[in-house]
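Inspection log for the structure reproduced underneath, given as structure tokens.
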Amino acid sequence: MSGETAPATSAGPSDLLSEQEPMALAGEVDVNGCGGDEGEADAIANASLLAGFSESAEIKALLASLPDLHEDIVSRETGTERFLVIMDRYQEQPHLLDSHLEWMLNMLLKLIRDEKSPPLLVHLGFKFLYIISKVRGYKTFMQLFPHEVADVQPVLDLLCRQDPKDTETWETRYMLLLWLSMTCLIPFDLSRLDGHLNSEPGLNREPIMDRILAVAKTYLRVSDKSRDAASVLVSKFVTRPDVKQKRLGDFLDWTLTTISQASDLTMEGTVTLDGALQSLAQLFKHGKREDFLQYAPTVLQCLDQKKIAESSQAMLRKLGVKVVQRLGLTFLKPRLAKWRYQRGSRSLAVNLAQSTAAGKVLDAKPELESGSPEEDYDIPEEVENVIEQLLGGLKDKETIVRWSAAKGIGRVTGRLPKELADDVVGSVLDCFSFQETDNAWHGGCLALAELGRRGLLLPSRLSDVVPVILKALTYDEKRGACSLGSNVRDAACYVCWAFARAYDPSELKPYVNQIASALVITAIFDRNVTCRKAASAAFQENVGRQGTFPHGIDILTAADYFAVGNLNNCYLTISVYIAGFEEYTKPMIDHLVARKINHWDGVIRDLATKALHNLTPQAPDYMANTVVPQLLSMATGMDLHGRHGAILACAEITHALYKVGAESNRPVTDLLSSDSIQGLKGIHQKLSDRKQYRGFGGELMRPAVCALIEKLSLSKMPFKEDPVISGWQSLIDDSLSAKQSIQEAAVSALAALCEEYYQLQPGVADPHMQEQLVSQYLAALRSPEVLTRCGCALALGSLPRFMIHSKLQQILDSLQEACRMTQKEEGFTEARRDAATAMARVCVTAGVCAQGSPDSVVCEKNVAAVYEALLDCMNDYITDSRGDVGAWVRAAAITGLLDVTLQVAGSAPELLSPAICQRMMCCLAQQAAEKIDRYRAHAGSVFLQLLHSTQPVVPHIPHREELLSIFPPDTAASLNWNAASQAFPHISQLLRLPVYQYHTLLGLAVSVGGLTETTVRYSSHSLFEHLKSIQQDSAALQQFGDALLCIFRDNLRNDRVSVPFLKMLDQMLANSCFELFVSVENHPFCVELLSLCKEEIKKSKDIQKLRSCIAVYCGLIPFQGDVRKKILVQLMMLLCHPFPVIRKATASQVYEMLLTYDDVIDAAVLDDVMNVLSDTNWESDLTTVRSHRNQLCDWLGVPRPTVLAKSPAQ
């Protein structure tokens, strides 16, 4: 490898492909094992690759326009941004630019070299050059720079004129240094360029060699990217024959002195060390061994003394490792070890065609010695130090350092004799001990991959390496609340990927099943998506290059790079398909049992148990005889997570075995041993005896054992009349007062337990248990604990039909009571929500019969009370510190109404009276017009389900035909109620229908006067569209006005409605929506509205409400008659309101109103009134303000308000 680029995360196969060949594409492998052109084309199409540099014309125009746009900052930045956007598209495929680089470079250099170009344009040119070099890579791009003799002086002069501290123009300096490093390659002695230095008397010019070195040293100390280019310049310049002869020793002295004097504790010292180490790394990489060998021990000694490896700066440690490995390569002769493993042809096509004619292809490079026998040559003692430092680098805490050390070990080992190389491999394997950290495991994996890739890991070592890699593929170490090891697993996948390319199929054959199973397990069961994708890519590579992985193509099709992106899909679907191949079944099950059901992440434990359920049909005997006994010992073990996962897994596997047995009419007891059945039965008692249901662990144990109870009940375990049932029942009862997730598990368990163990015969309940449970839960509905109420309500809702039989009326009465909102119980919101949910479930479970008994079914005697309770819940608007918590109750009631109505309409539609249906649809319309998106969407969808239901049809829906024209069945599915822009234009059309007008307007008032910008915009637009359509229809407008007043009257002093209602009124008046009423003297609408507003703000201290009311008063001014005087009196009173902010707001609004309506006041006093309004400081004390206000009253011709004396009682 010529350069080192550290991967962003760990080096995984998904992102670290070798330089030699692209990774095998799934499309390149067909079933017969041959590469197919069609598959390759498909793969390219799927990857949405770019075909060529399609924007060349646009770029040409952009570069040509630089002289025009460089002066204007906006056009300059726009042009640069556009260029960046286009170039960044080619980051993944920069080779597409190759044929265009030359003309782009020439266009920019023409601008740069033009003497008329202003400095700003020159800098812009270099900025564009930098963008190109960033995308294509500086090594490729710098080779295109002109490097004639004539270029040296101008480039050097231009560089000397730059200011190294200017942060805006660093691209210019970076590109000039790269250009200078190219011009240094001219094959002439630099002294020829100096001419006669002393030809001009009095001028002692500096030689070019010294000038370039001075520039390089300057830029090695700067803190921007120019430092990287300066190290490239050093590597090209100092290795020139003439410079090397005169200046190499001095330059190395300067570098080592710099290193020894700089401190990595300061920013400046870190930058200086960075530059010096970079230049050393580049020099020892590009220089000839014979020139640098004499200096290598001194450099190594200097680095040892500096202890770079102990620096806190990751970048310095990385550069330290780079320099050390280059020193190691300098100490060793450049030759390829003869003992290397050579696989032969690495061509995928040849490999897949299994062509034997390709022969052995060596990686030999012509200049490397491979002829001299190994004995001739002693290994310098410094090499041991180098290898030791590189092995230390493998354990560094930063990935970039470990990656560099791994490549260094690969390079150095390639030049060692076989015995020493084997020692290195042994040392790398020491990284994988249990004492080592995850960093060492990760570094070890990278090193093994690198050694394997280079043929330095002989097949004889595979027996040691493969077990280590299999361990690394499942490495996961919990540390506090998180886990370490995803990078180790990713790197282990990289090793498998590298081995696929490195070894002949015959060498890996003994390990194929182990590696294949481990990769499949990582690809579908790893928690981390990058590891799953890495394992999938490594598996794909092995299928393509080894050709020996069992069922490789089938598995790849199911678990490709993209399919493994979804965790649920991996665990629940792909795993079942792959387990169908017997080579993988048991390893997958064993992995889930050993590593996943005790995983630290609860989501993984849950998925693992569901996966075991799904895998049980593939190996029922193995599950019953091997896995369940293992799980039972874990289920009562000490590890909390293991216990939790094992109990859930026992539950899932038992239920799956029951299903397997049911297919052949065998009970589950035939499949499980009697010991296992006793073990399952005893789990609860053991946990209870050890008090493991208490504390933090109890939060995991309770839902797990409840799940076990549910699954054992569903599996028809023969425990009827067994004492364990009462133990289970008491656990369920205890869990009903716990938090929500535990309650849900307990409720599910209760339903299954009743169904299986509390029936004397089908449909007949055990009377003792029925009486005990129902009375216990009904009593608990009055508990002072909100969670107890919730749990017991849900428990009643989950009871099967035979348990409700003869108790229905009692249950309904208690649930209706629990739904009611009383002053004392405002805080029981969750209990009301769950009671509403339970009431609907009980009704659906009991069934409907019009003439039936109210104790057993929903009938004409109890249906009205059910609807009354649910519809009352629709008015629950309680708020607390969490916000509008009443919405939970409303949502539960909406769902309950849907379920009950469809049940009643299907069985006894005559029970649905027109009054019930009208009230229900109106309440739903109101909720569908309100401001919270989620609840609006819920109400809207239920409204449409009831309207469009055909099986059964819901009777007595008011205005059914008009509703169907507003909401046609075909558009209902695509209507997104969550989006205000779609919902309000539809819902506002209900304002045309008299039955729905009041409720829809009530819902809209809250939305139009709300705070959310999009909701306000779309709801008010829809409302005004409706008002526009009835502007000329006095009857419709009168009806609308009456509905408005009715809403205001019904919600006086109810701030939830009245505050947004006033805001909505203000908008309506500002938009002249009541133009028809304005000309009528003392129109009743205006008179009534004024009196309601006065009542609303009486003694109010709500600033927002007062401000809205001022705006409404000003909006009412155009109305004719005596009412205008009354409005002005109200405004004058507000000018002396106790709150200064209200006085100021009133003055401001009255001022604007008088400007708008010129008929309010006599023109003679208009100027005086306006001056007083604008010039008075209305926030000063009331006495001052009152005199101004009284003056205004006189001018406006309204009586002065008088101050009421407070009575002693007050």
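Ordering of the structure tokens sets the chain letters (A, B, ...), residue numbers begin anew at 1 in every chain, and ligands are numbered from 1 in the order given.
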
Checklist line | Polymer residues at most 6 Å from range 805-812 of chain A, only C-alpha atoms, same-chain spacing of 5 or more positions, as a count of residues only | finding: 3

Item checked: Distance query Ser191 in chain A at most 9 Å, only C-alpha atoms, self and fewer than 4 positions along chain excluded, as a list in words ->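 Result of the neighbour search: Gly195, Pro207, Ile208, Met209 and Asp242 of chain A.
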
I need the chosen residues saved as a PDB file, in the first residue's frame, with all heavy atoms.
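Okay, this is what ended up in again37.pdb:
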ATOM      1  N   GLY A 195      22.340  30.885 -11.359  1.00  0.00           N
ATOM      2  CA  GLY A 195      23.145  31.824 -12.164  1.00  0.00           C
ATOM      3  C   GLY A 195      24.375  32.248 -11.372  1.00  0.00           C
ATOM      4  O   GLY A 195      24.904  31.493 -10.555  1.00  0.00           O
ATOM      5  N   PRO A 207      20.754  30.901  -2.451  1.00  0.00           N
ATOM      6  CA  PRO A 207      20.567  29.838  -3.457  1.00  0.00           C
ATOM      7  C   PRO A 207      19.145  29.274  -3.372  1.00  0.00           C
ATOM      8  O   PRO A 207      18.539  29.256  -2.294  1.00  0.00           O
ATOM      9  CB  PRO A 207      21.594  28.767  -3.045  1.00  0.00           C
ATOM     10  CG  PRO A 207      22.500  29.418  -2.072  1.00  0.00           C
ATOM     11  CD  PRO A 207      21.779  30.572  -1.471  1.00  0.00           C
ATOM     12  N   ILE A 208      18.653  28.793  -4.526  1.00  0.00           N
ATOM     13  CA  ILE A 208      17.271  28.263  -4.606  1.00  0.00           C
ATOM     14  C   ILE A 208      17.087  27.085  -3.650  1.00  0.00           C
ATOM     15  O   ILE A 208      16.039  26.941  -3.015  1.00  0.00           O
ATOM     16  CB  ILE A 208      16.956  27.867  -6.066  1.00  0.00           C
ATOM     17  CG1 ILE A 208      16.491  29.120  -6.805  1.00  0.00           C
ATOM     18  CG2 ILE A 208      15.893  26.768  -6.123  1.00  0.00           C
ATOM     19  CD1 ILE A 208      15.775  28.901  -8.081  1.00  0.00           C
ATOM     20  N   MET A 209      18.132  26.233  -3.540  1.00  0.00           N
ATOM     21  CA  MET A 209      18.039  25.063  -2.663  1.00  0.00           C
ATOM     22  C   MET A 209      17.703  25.500  -1.240  1.00  0.00           C
ATOM     23  O   MET A 209      16.804  24.951  -0.584  1.00  0.00           O
ATOM     24  CB  MET A 209      19.376  24.315  -2.687  1.00  0.00           C
ATOM     25  CG  MET A 209      19.333  22.967  -1.993  1.00  0.00           C
ATOM     26  SD  MET A 209      20.964  22.214  -1.905  1.00  0.00           S
ATOM     27  CE  MET A 209      21.322  21.832  -3.600  1.00  0.00           C
ATOM     28  N   ASP A 242      21.218  15.957  -5.673  1.00  0.00           N
ATOM     29  CA  ASP A 242      22.084  17.078  -5.295  1.00  0.00           C
ATOM     30  C   ASP A 242      21.772  17.589  -3.884  1.00  0.00           C
ATOM     31  O   ASP A 242      22.660  17.910  -3.101  1.00  0.00           O
ATOM     32  CB  ASP A 242      21.971  18.218  -6.327  1.00  0.00           C
ATOM     33  CG  ASP A 242      20.540  18.629  -6.591  1.00  0.00           C
ATOM     34  OD1 ASP A 242      19.624  17.860  -6.205  1.00  0.00           O
ATOM     35  OD2 ASP A 242      20.292  19.713  -7.167  1.00  0.00           O
TER      36      ASP A 242
END

Check: For Gly580 in chain A, which residue out of A:Thr270, A:Asn614, A:Gln546, A:Gln761 is the nearest one, using only C-alpha atoms?
Finding: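 Selected residue with least distance to Gly580 in chain A: A:Asn614.
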
Spatial neighbours of range 824-829 of chain A, max dist 8 Å, only C-alpha atoms, sep filter under 5 positions, as a PDB file with N, CA and C atoms, in the first residue's frame:
ATOM      1  N   VAL A 786     -53.845   5.499  41.539  1.00  0.00           N
ATOM      2  CA  VAL A 786     -54.253   5.571  40.132  1.00  0.00           C
ATOM      3  C   VAL A 786     -53.828   4.314  39.371  1.00  0.00           C
ATOM      4  N   ILE A 878     -59.010  17.819  30.781  1.00  0.00           N
ATOM      5  CA  ILE A 878     -58.145  18.090  31.932  1.00  0.00           C
ATOM      6  C   ILE A 878     -56.701  18.305  31.462  1.00  0.00           C
ATOM      7  N   VAL A 885     -53.714  16.093  29.146  1.00  0.00           N
ATOM      8  CA  VAL A 885     -53.797  14.649  29.425  1.00  0.00           C
ATOM      9  C   VAL A 885     -55.206  14.112  29.163  1.00  0.00           C
ATOM     10  N   GLY A 886     -56.191  15.002  29.169  1.00  0.00           N
ATOM     11  CA  GLY A 886     -57.553  14.565  28.850  1.00  0.00           C
ATOM     12  C   GLY A 886     -57.645  13.936  27.468  1.00  0.00           C
ATOM     13  N   TRP A 888     -55.885  11.658  26.294  1.00  0.00           N
ATOM     14  CA  TRP A 888     -55.782  10.188  26.396  1.00  0.00           C
ATOM     15  C   TRP A 888     -57.167   9.579  26.576  1.00  0.00           C
ATOM     16  N   VAL A 889     -57.968  10.237  27.440  1.00  0.00           N
ATOM     17  CA  VAL A 889     -59.321   9.724  27.704  1.00  0.00           C
ATOM     18  C   VAL A 889     -60.168   9.856  26.437  1.00  0.00           C
TER      19      VAL A 889
END

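Going from CA of His70 in chain A to CA of Phe126 in chain A covers 12.6 Å.
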
Margin query: Would you pick out the contacts of Phe284 in chain A at 9 Å or less, using only C-alpha atoms, so that residues sharing its chain but fewer than 5 positions from it are not included, and give the list as JSON, numbers by chain?
Written below: {"A": [235, 279, 289, 292, 296, 323, 326, 327, 329, 330]}

Next item on the list: Figure out the distance between CA of Leu458 in chain A and CA of Asp423 in chain A, please, to one decimal in Å.
Entry: 12.4 Å
